[in-house]
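Novice: Let me begin by handing over the structure; questions about it come next.
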Amino acid sequence: MKFFRGSSAAETIPTQSSQKLTRRSSGLGELSRTWESAEGLCVLDLGSTSPTNIRHFTERGHRIYSEDLLIASTDPVLATKDEQGTTVLDSRKFLADNLVYPAAQFDAVLCWNLPDYLDESLVKPVVGRLWSVLKPGGMLLAFFHTRDAGPDSPCHRFHIVGSDTLEMQKIELRREARRGATSPVQIAGGDGFQLQRVFNNRHIETLFRDFASIKFFLARDNIREVLVVR
Amino acid sequence: MSAPASGLAQIGKSVFIKGELSGSEDLYLDGQVEGSIALKGNSLTVGPHGQVKASVDAKGVVVQGKLEGNIQASDRVELRKSAIVTGDIATQRISIEEGAFLKGKVDIHRADTK
């Protein structure tokens, strides 16, 4: 396990359409170095549909798959009761309809902040499925909030604008709600998704224990970037 | 979006078609289609009320509504901001507006140049 002090910083860039924050990402930088010299990579983006990301990869001759798992997790048919009568999400049903790919399909998976905002009942099953769809040696990038970020940290979508630069855009649930269901479980508050938990390093290591290696990058904006290799 | 140009084949909002749809002219589709759509050499536009559950093979495809199925476009695909697409896209060029939803693959094939 390694810790790296990244040089990420967030700046507010007001735009006419919606505010976007720019941040440098050491994890993305390391991932970019891997695919800059490669051709025909297969990449899975698990964030909101991003025209920017799609353009970024297709212009470089790679194939990109886009799948918004946070929105998919709001489907009301997933709601079920556990033994205690608490409403949880049916992970088997979720994985029957999502992340359906052949084994060892992807060279890279971009998780962004998915584990922080995804319902508890789905996190481990999703990570298990991601392990299986990654090629051996394939890499997965994920972002985790630190405790200092606070429980009301907004959920962002991420757009790749440089080899190590991202634009973060706050997710507005109202805009996304037209995709279908409202959440059966209260993961959405106000007009965005709610932070479900704060992982510590040990939790993150446990979550990715089936992966061959894990690398941490700490940033000044209370986000911990994690790069794992299958 | 403004009304489609006159002279364009149209399927209105209230129309439901199940089966294989093929043609040799551009098509504006604002109804429901299930099956397959083949418009090689021509363009398909799925209007804002359009609901398509079909594989699509055309020269150009513009989506404003809902499309569930794979898209094969020899020239270009455009997903407008109201588009909801579930399926794989193979084309030479693609344009996706902010707000469009895609669940699937994007594969860009450049035309061979001699």
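Chain labels run A, B, ... following the order of the structure tokens; each chain numbers its residues from 1, and ligands are numbered from 1 in the order shown.
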Do a neighbour search on B:Glu97 at 10 Å with only C-alpha atoms, toss out local chain neighbours closer than 4 positions, and write the hits as JSON, numbers by chain.
Specialist: {"A": [49, 50, 51, 52], "B": [78, 79, 80, 81, 82, 83, 101]}
Novice: Restricted to C-alpha atoms, what would the selected residues look like written as a PDB file, in the first residue's frame?
Specialist:
```pdb
ATOM      1  CA  THR A  49     -22.832   9.910 -19.656  1.00  0.00           C
ATOM      2  CA  SER A  50     -20.027  12.302 -20.510  1.00  0.00           C
ATOM      3  CA  PRO A  51     -19.654  13.476 -24.105  1.00  0.00           C
ATOM      4  CA  THR A  52     -16.244  14.780 -23.103  1.00  0.00           C
TER       5      THR A  52
ATOM      6  CA  GLU B  78     -26.117  12.471 -33.021  1.00  0.00           C
ATOM      7  CA  LEU B  79     -27.579  12.103 -29.538  1.00  0.00           C
ATOM      8  CA  ARG B  80     -29.508  15.210 -28.600  1.00  0.00           C
ATOM      9  CA  LYS B  81     -29.910  16.266 -24.978  1.00  0.00           C
ATOM     10  CA  SER B  82     -33.235  14.439 -24.567  1.00  0.00           C
ATOM     11  CA  ALA B  83     -31.918  11.164 -25.997  1.00  0.00           C
ATOM     12  CA  PHE B 101     -28.072   9.313 -21.688  1.00  0.00           C
TER      13      PHE B 101
END
```
Novice: Please, which residues in chain A fall within 9 Å of chain B when counting only C-alpha atoms, and what is the closest atom pair and distance in Å to one decimal for each, ordered by chain then residue number, as a tab-separated table?
Specialist:
```
residue	atom	partner	partner_atom	distance
A:Leu44	CA	B:Lys105	CA	8.7
A:Ser48	CA	B:Phe101	CA	7.8
A:Thr49	CA	B:Phe101	CA	5.7
A:Ser50	CA	B:Glu98	CA	7.4
A:Pro51	CA	B:Ile96	CA	5.4
A:Thr52	CA	B:Ile96	CA	8.8
A:Ile54	CA	B:Val106	CA	7.5
A:Arg55	CA	B:Ile94	CA	8.3
A:Thr58	CA	B:Ile108	CA	6.3
A:Glu59	CA	B:Ile108	CA	8.3
A:Gly61	CA	B:Ile108	CA	7.4
A:His62	CA	B:Asp107	CA	7.6
A:Arg63	CA	B:Asp107	CA	5.3
A:Ile64	CA	B:Val106	CA	5.5
A:Tyr65	CA	B:Lys105	CA	4.1
A:Ser66	CA	B:Lys103	CA	5.3
A:Glu67	CA	B:Lys103	CA	4.8
A:Asp68	CA	B:Lys103	CA	7.1
A:Arg175	CA	B:Gly99	CA	8.0
A:Glu176	CA	B:Gly99	CA	8.3
A:Arg179	CA	B:Ile84	CA	7.5
```
Novice: Could you please determine the separation between atom CA of A:Phe216 and atom CA of A:Ala103 in Å, to one decimal place?
Specialist: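 Computed distance, atom CA of A:Phe216 to atom CA of A:Ala103, equals 26.1 Å.
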Novice: From the DSSP assignment of the backbone, select every residue of stretch 40-102 of chain B that is strand (DSSP E or B), and format the answer as a ChimeraX atom specification.
Specialist: /B:40-46,51-63,66-68,71-79,84-86,89-91,93-96,101-102
Novice: One decimal, in Å: what's the spacing between atom CA of A:Arg147 and atom CA of A:Thr87?
Specialist: 26.3 Å
